[in-house]
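Below: start_7.txt (compact mmCIF, C-alpha atoms)
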# COMPACT_ATOMS: atom_id res chain seq x y z
CA MET A 1 -25.05 -31.21 -56.28
CA GLU A 2 -24.13 -32.95 -53.05
CA LEU A 3 -22.95 -30.56 -50.34
CA PHE A 4 -19.58 -32.24 -49.84
CA ALA A 5 -18.80 -31.93 -53.55
CA LEU A 6 -18.78 -28.12 -53.32
CA SER A 7 -15.02 -27.84 -53.37
CA LYS A 8 -15.03 -24.03 -53.61
CA LEU A 9 -17.51 -23.40 -50.79
CA ASP A 10 -15.94 -21.01 -48.30
CA TYR A 11 -18.83 -20.19 -45.91
CA LEU A 12 -21.27 -22.63 -44.33
CA ASN A 13 -23.85 -21.74 -41.67
CA PHE A 14 -26.20 -24.48 -40.43
CA SER A 15 -26.83 -22.92 -37.01
CA ASN A 16 -30.17 -23.03 -35.19
CA ASN A 17 -31.59 -26.10 -36.86
CA THR A 18 -32.45 -29.56 -35.55
CA PHE A 19 -29.66 -31.52 -37.22
CA SER A 20 -28.77 -34.63 -35.23
CA GLY A 21 -26.31 -37.49 -35.39
CA GLN A 22 -22.58 -37.30 -35.89
CA LEU A 23 -20.73 -34.78 -38.01
CA PRO A 24 -19.78 -36.79 -41.12
CA PRO A 25 -16.08 -37.25 -41.93
CA ALA A 26 -16.87 -35.94 -45.41
CA ILE A 27 -16.85 -32.43 -43.88
CA GLY A 28 -13.09 -32.65 -44.44
CA SER A 29 -13.60 -32.47 -48.21
CA LEU A 30 -14.72 -28.82 -48.00
CA THR A 31 -11.14 -27.61 -48.00
CA ALA A 32 -11.98 -24.07 -49.17
CA LEU A 33 -14.06 -23.32 -46.06
CA THR A 34 -13.00 -20.29 -44.06
CA SER A 35 -16.12 -20.09 -41.85
CA LEU A 36 -18.14 -22.97 -40.38
CA PHE A 37 -21.12 -22.38 -38.08
CA LEU A 38 -23.00 -25.35 -36.59
CA ASN A 39 -24.33 -23.72 -33.41
CA HIS A 40 -27.42 -24.95 -31.56
CA ASN A 41 -28.23 -28.22 -33.20
CA ARG A 42 -28.28 -31.77 -31.79
CA LEU A 43 -25.02 -32.97 -33.25
CA GLU A 44 -23.21 -35.55 -31.17
CA GLY A 45 -20.25 -37.86 -31.01
CA PRO A 46 -16.56 -37.02 -31.29
CA LEU A 47 -15.27 -34.34 -33.63
CA PRO A 48 -14.12 -36.18 -36.77
CA LEU A 49 -10.39 -35.89 -37.40
CA GLU A 50 -11.21 -34.91 -40.98
CA LEU A 51 -12.54 -31.61 -39.62
CA PHE A 52 -8.94 -30.60 -39.01
CA ASN A 53 -8.14 -30.93 -42.72
CA LEU A 54 -9.90 -27.58 -43.23
CA GLU A 55 -6.67 -25.65 -42.98
CA LEU A 56 -8.15 -22.38 -44.30
CA LEU A 57 -10.69 -22.12 -41.47
CA GLU A 58 -10.72 -18.74 -39.74
CA THR A 59 -13.97 -19.22 -37.80
CA LEU A 60 -15.21 -22.47 -36.24
CA HIS A 61 -18.34 -22.19 -34.09
CA MET A 62 -20.17 -25.29 -32.81
CA ASN A 63 -21.77 -24.08 -29.59
CA GLY A 64 -24.75 -25.77 -28.00
CA ASN A 65 -24.51 -29.30 -29.37
CA LEU A 66 -23.75 -32.68 -27.80
CA PHE A 67 -20.22 -33.22 -29.08
CA ASN A 68 -18.11 -35.43 -26.82
CA GLY A 69 -14.65 -36.92 -26.79
CA THR A 70 -11.40 -35.01 -26.59
CA ILE A 71 -9.86 -32.11 -28.46
CA ALA A 72 -7.46 -33.61 -30.99
CA THR A 73 -3.88 -32.41 -31.31
CA ARG A 74 -4.63 -32.01 -35.02
CA LEU A 75 -6.40 -28.78 -34.08
CA SER A 76 -2.94 -27.26 -34.54
CA ASN A 77 -3.39 -27.73 -38.31
CA LEU A 78 -5.78 -24.78 -38.35
CA LYS A 79 -3.12 -22.07 -38.41
CA ASP A 80 -5.50 -19.35 -39.70
CA LEU A 81 -8.09 -19.91 -36.98
CA GLY A 82 -9.15 -16.66 -35.33
CA SER A 83 -12.28 -17.74 -33.44
CA LEU A 84 -12.84 -21.18 -31.90
CA GLN A 85 -16.11 -21.59 -30.05
CA ILE A 86 -17.29 -25.05 -28.94
CA GLU A 87 -18.98 -24.02 -25.72
CA ASN A 88 -21.83 -25.91 -24.02
CA ASN A 89 -21.05 -29.36 -25.35
CA MET A 90 -19.75 -32.50 -23.63
CA LEU A 91 -16.07 -32.40 -24.56
CA SER A 92 -13.80 -34.09 -22.04
CA GLY A 93 -10.17 -34.95 -21.43
CA ARG A 94 -7.26 -32.55 -21.23
CA LEU A 95 -6.41 -29.55 -23.34
CA PRO A 96 -3.56 -30.94 -25.44
CA PRO A 97 -0.25 -29.12 -24.85
CA THR A 98 1.45 -27.34 -27.75
CA THR A 99 -1.87 -27.27 -29.63
CA ILE A 100 -3.82 -24.12 -28.76
CA GLY A 101 -0.55 -22.30 -28.16
CA SER A 102 0.43 -22.94 -31.78
CA LEU A 103 -2.60 -21.00 -33.08
CA SER A 104 -0.93 -17.61 -33.36
CA ASN A 105 -3.95 -15.98 -35.05
CA LEU A 106 -6.45 -17.02 -32.38
CA ASN A 107 -8.45 -14.11 -30.93
CA ILE A 108 -11.39 -15.91 -29.32
CA LEU A 109 -11.34 -19.22 -27.45
CA HIS A 110 -14.64 -20.35 -25.89
CA LEU A 111 -14.63 -23.86 -24.46
CA ASN A 112 -16.78 -23.12 -21.43
CA GLY A 113 -19.60 -25.43 -20.44
CA ASN A 114 -17.84 -28.70 -21.25
CA ARG A 115 -16.19 -31.39 -19.10
CA ILE A 116 -12.55 -30.61 -19.78
CA THR A 117 -10.08 -31.74 -17.12
CA GLY A 118 -6.43 -31.32 -16.21
CA PRO A 119 -4.25 -28.20 -16.10
CA ILE A 120 -4.32 -25.20 -18.40
CA PRO A 121 -1.27 -25.68 -20.65
CA ASN A 122 1.39 -23.05 -20.02
CA ASP A 123 1.95 -22.56 -23.72
CA ILE A 124 -1.61 -21.30 -24.27
CA ALA A 125 0.05 -17.91 -23.77
CA ASN A 126 1.85 -18.44 -27.09
CA ALA A 127 -1.49 -17.66 -28.74
CA TRP A 128 -0.46 -14.07 -28.20
CA ARG A 129 -3.37 -12.48 -30.07
CA LEU A 130 -5.95 -13.90 -27.62
CA ARG A 131 -8.57 -11.36 -26.57
CA TYR A 132 -11.27 -13.60 -25.10
CA LEU A 133 -10.34 -16.70 -23.06
CA ASN A 134 -13.35 -18.56 -21.70
CA LEU A 135 -12.75 -21.94 -20.05
CA GLY A 136 -15.30 -21.61 -17.24
CA ALA A 137 -18.55 -23.19 -16.12
CA THR A 138 -18.81 -26.99 -15.70
CA ASN A 139 -15.25 -27.77 -16.79
CA GLN A 140 -12.99 -29.40 -14.21
CA LEU A 141 -9.64 -27.73 -14.81
CA THR A 142 -7.09 -28.34 -12.07
CA SER A 143 -3.73 -27.03 -10.84
CA THR A 144 -2.93 -23.31 -10.98
CA ILE A 145 -3.43 -20.48 -13.48
CA PRO A 146 -0.25 -20.32 -15.57
CA ALA A 147 1.70 -17.16 -14.78
CA GLU A 148 2.37 -16.88 -18.51
CA LEU A 149 -1.21 -15.66 -19.06
CA SER A 150 -0.15 -12.36 -17.55
CA GLY A 151 1.79 -11.69 -20.73
CA LEU A 152 -1.26 -11.67 -23.03
CA LYS A 153 -1.26 -7.95 -23.73
CA ASP A 154 -4.46 -7.88 -25.83
CA LEU A 155 -6.57 -9.95 -23.42
CA LEU A 156 -9.97 -8.36 -22.73
CA LEU A 157 -11.73 -11.20 -20.88
CA ILE A 158 -10.60 -14.21 -18.87
CA ASP A 159 -13.32 -16.52 -17.54
CA LEU A 160 -12.18 -19.48 -15.43
CA ARG A 161 -15.18 -19.63 -13.12
CA GLU A 162 -16.45 -22.89 -11.60
CA ASN A 163 -13.44 -25.13 -12.15
CA LEU A 164 -11.14 -26.90 -9.67
CA LEU A 165 -8.24 -24.45 -9.97
CA SER A 166 -6.22 -23.74 -6.84
CA GLY A 167 -3.12 -22.04 -5.48
CA THR A 168 -2.12 -18.45 -6.11
CA VAL A 169 -3.66 -16.23 -8.77
CA PRO A 170 -0.83 -14.69 -10.83
CA GLN A 171 -0.44 -10.96 -11.06
CA LEU A 172 -2.62 -9.71 -13.92
CA SER A 173 -1.34 -6.13 -13.78
CA ARG A 174 0.93 -6.44 -16.82
CA ALA A 175 -2.18 -6.90 -18.94
CA VAL A 176 -4.41 -4.58 -16.93
CA GLY A 177 -4.23 -1.90 -19.64
CA SER A 178 -6.40 -4.09 -21.86
CA ILE A 179 -8.14 -6.69 -19.67
CA LYS A 180 -11.61 -5.60 -18.59
CA GLU A 181 -13.42 -8.68 -17.26
CA VAL A 182 -12.13 -11.39 -14.92
CA TYR A 183 -14.26 -14.25 -13.56
CA LEU A 184 -12.55 -16.54 -11.05
CA TYR A 185 -15.23 -17.60 -8.56
CA GLY A 186 -16.10 -21.22 -7.84
CA ASN A 187 -12.49 -22.41 -7.59
CA ASN A 188 -10.12 -23.19 -4.72
CA PHE A 189 -7.70 -20.27 -4.83
CA THR A 190 -5.91 -19.31 -1.63
CA HIS A 191 -3.76 -16.27 -2.46
CA GLY A 192 -2.97 -13.69 -5.08
CA LEU A 193 -6.19 -11.68 -5.17
CA GLU A 194 -5.26 -9.39 -2.30
CA ASN A 195 -2.47 -7.52 -4.12
CA GLN A 196 -3.53 -7.20 -7.74
CA GLN A 197 -2.79 -3.91 -9.47
CA CYS A 198 -6.28 -2.63 -10.22
CA ILE A 199 -5.50 0.47 -12.29
CA ASP A 200 -2.73 1.04 -14.81
CA SER A 201 -0.73 4.22 -15.38
CA SER A 202 -3.44 5.66 -17.64
CA GLY A 203 -6.17 5.19 -15.04
CA GLU A 204 -7.79 2.23 -16.78
CA GLY A 205 -8.86 -0.73 -14.71
CA PHE A 206 -11.17 -3.73 -14.52
CA ARG A 207 -14.83 -3.32 -15.50
CA VAL A 208 -15.70 -6.64 -13.81
CA PHE A 209 -13.59 -8.69 -11.41
CA GLU A 210 -15.47 -11.49 -9.66
CA ALA A 211 -14.08 -13.99 -7.16
CA ASP A 212 -15.30 -15.98 -4.16
CA CYS A 213 -16.58 -13.91 -1.26
CA ASP A 214 -14.35 -15.67 1.30
CA LEU A 215 -11.17 -14.34 -0.32
CA ILE A 216 -9.56 -10.94 0.18
CA CYS A 217 -9.71 -9.33 -3.26
CA ASN A 218 -8.63 -5.72 -3.66
CA CYS A 219 -9.83 -5.39 -7.28
CA CYS A 220 -13.15 -7.24 -7.02
CA THR A 221 -16.24 -5.43 -8.22
CA SER A 222 -18.44 -8.19 -6.75
CA CYS A 223 -18.15 -11.67 -5.25
CA LYS A 224 -20.07 -14.92 -5.50

For the file at hand, write its structure as structure tokens.
Amino acid sequence: MELFALSKLDYLNFSNNTFSGQLPPAIGSLTALTSLFLNHNRLEGPLPLELFNLELLETLHMNGNLFNGTIATRLSNLKDLGSLQIENNMLSGRLPPTTIGSLSNLNILHLNGNRITGPIPNDIANAWRLRYLNLGATNQLTSTIPAELSGLKDLLLIDLRENLLSGTVPQLSRAVGSIKEVYLYGNNFTHGLENQQCIDSSGEGFRVFEADCDLICNCCTSCK
């Protein structure tokens, strides 16, 4: 039976192969899928819009391919998505506003190692279950870090290294009871690292806090 005729298939893992070419639009016919893994292949081209017909997806991992183009606003169709990992590809353009923030079940967002530009949308903080936020390394995000990120109470890791972010780093102390790792080096920040609250009322603090060495940073465990 042809793969795309498997209408009840709920788990598909084609990671660590040598598949090449574009992801076929027929992927959208697998509407029972809850988990799709396509890591470390040679897949290329834009993500087909039909991919976002898979409204039962909880896990979508496509790291280490050659996907390009932008992230479609139709990503917001995937309301059950808990883990989105498309790191180390060639995605470009801006993070669409009102899209990631609408994914209220999202725990893990890894888009590092792409070519994404523009500001971080303020409403990304509406994805209030986020625990791992990784937008660092070879992206070209601009403007400031939204202050709203400070309200993500379950956040464990925030990685914004090696972008073009600037301005003042918002106070992360409201989330310091959960956040353990912060990576901010390789940006153009000017203020906000000198007065972070490093330890919360229970004595818990940051395991790793890395920023540029030319900035005063009272919580930093090391600098780059």

Fill in: d(CA of Leu36 (chain A), CA of Ala5 (chain A)) in Å
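Distance reported for this atom pair: 15.9 Å.
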
Practice prompt. In Å, rounded to a single decimal, give me how far CA of His40 (chain A) is from CA of Phe14 (chain A).
Written response: 9.0 Å

Worksheet item: Excluding same-chain residues fewer than 5 positions from Phe209 (chain A), what lies within 10 Å of it counting only C-alpha atoms, as a list in words?
Response: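 Returned residues: Leu157, Ile158, Asp159, Lys180, Glu181, Val182, Tyr183, Leu184, Tyr185, Cys198, Cys217, Asn218, Cys219, Cys220, Thr221, Ser222 and Cys223 of chain A.
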
Just want the 12 Å neighbourhood of Ile120 (chain A), counted on all atoms listed in the file, with same-chain residues fewer than 2 positions away dropped. Output as an mmCIF file with C-alpha atoms, in the coordinates of the input.
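File written: result-v6.cif
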data_model
loop_
_atom_site.group_PDB
_atom_site.id
_atom_site.type_symbol
_atom_site.label_atom_id
_atom_site.label_comp_id
_atom_site.auth_asym_id
_atom_site.auth_seq_id
_atom_site.Cartn_x
_atom_site.Cartn_y
_atom_site.Cartn_z
ATOM 1 C CA GLY A 93 -10.170 -34.950 -21.430
ATOM 2 C CA ARG A 94 -7.260 -32.550 -21.230
ATOM 3 C CA LEU A 95 -6.410 -29.550 -23.340
ATOM 4 C CA PRO A 96 -3.560 -30.940 -25.440
ATOM 5 C CA PRO A 97 -0.250 -29.120 -24.850
ATOM 6 C CA THR A 98 1.450 -27.340 -27.750
ATOM 7 C CA THR A 99 -1.870 -27.270 -29.630
ATOM 8 C CA ILE A 100 -3.820 -24.120 -28.760
ATOM 9 C CA GLY A 101 -0.550 -22.300 -28.160
ATOM 10 C CA ILE A 116 -12.550 -30.610 -19.780
ATOM 11 C CA THR A 117 -10.080 -31.740 -17.120
ATOM 12 C CA GLY A 118 -6.430 -31.320 -16.210
ATOM 13 C CA ASN A 122 1.390 -23.050 -20.020
ATOM 14 C CA ASP A 123 1.950 -22.560 -23.720
ATOM 15 C CA ILE A 124 -1.610 -21.300 -24.270
ATOM 16 C CA ALA A 125 0.050 -17.910 -23.770
ATOM 17 C CA LEU A 133 -10.340 -16.700 -23.060
ATOM 18 C CA ASN A 134 -13.350 -18.560 -21.700
ATOM 19 C CA LEU A 135 -12.750 -21.940 -20.050
ATOM 20 C CA GLY A 136 -15.300 -21.610 -17.240
ATOM 21 C CA ASN A 139 -15.250 -27.770 -16.790
ATOM 22 C CA GLN A 140 -12.990 -29.400 -14.210
ATOM 23 C CA LEU A 141 -9.640 -27.730 -14.810
ATOM 24 C CA THR A 142 -7.090 -28.340 -12.070
ATOM 25 C CA SER A 143 -3.730 -27.030 -10.840
ATOM 26 C CA THR A 144 -2.930 -23.310 -10.980
ATOM 27 C CA ILE A 145 -3.430 -20.480 -13.480
ATOM 28 C CA PRO A 146 -0.250 -20.320 -15.570
ATOM 29 C CA ALA A 147 1.700 -17.160 -14.780
ATOM 30 C CA GLU A 148 2.370 -16.880 -18.510
ATOM 31 C CA LEU A 149 -1.210 -15.660 -19.060
ATOM 32 C CA LEU A 160 -12.180 -19.480 -15.430
ATOM 33 C CA ASN A 163 -13.440 -25.130 -12.150
ATOM 34 C CA LEU A 164 -11.140 -26.900 -9.670
ATOM 35 C CA LEU A 165 -8.240 -24.450 -9.970
ATOM 36 C CA SER A 166 -6.220 -23.740 -6.840
#

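Put simply, CA of Leu75 (chain A) is 20.3 Å away from CA of Asn13 (chain A).
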
Worksheet item: Which of these, A:Asp154, A:Asn41, A:His61, A:Ile86, has the shortest distance to Tyr11 (chain A) once you count all atoms listed in the file?
Response: A:His61

Worksheet entry | Expected residue set, 7 Å radius at (-2.7, -16.0, -3.3), all atoms listed in the file, as a list in words |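 Counting all atoms listed in the file, I find these residues within 7 Å of (-2.7, -16.0, -3.3): Gly167, Thr168, Val169, Phe189, Thr190, His191, Gly192 and Leu193 of chain A.
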
Worksheet, complete the sentence: The residue from A:Asn68, A:Pro46, A:Leu130, A:Leu54 with the smallest atom-to-atom distance to Thr31 (chain A), counting only C-alpha atoms, is A:Leu54

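Here the question is which of A:Ala127, A:Leu155, A:Ser150, A:Asn63 gets nearest to Gly113 (chain A) using all atoms listed in the file, and that residue is A:Asn63.
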
Could you give me the axis-aligned bounding box of region 59-63 of chain A, with 3 Å of padding per side, as centre plus edge lengths in Å to one decimal, as lines of an AutoDock Vina configuration file?
center_x = -17.9
center_y = -22.3
center_z = -33.7
size_x = 13.8
size_y = 12.1
size_z = 14.2
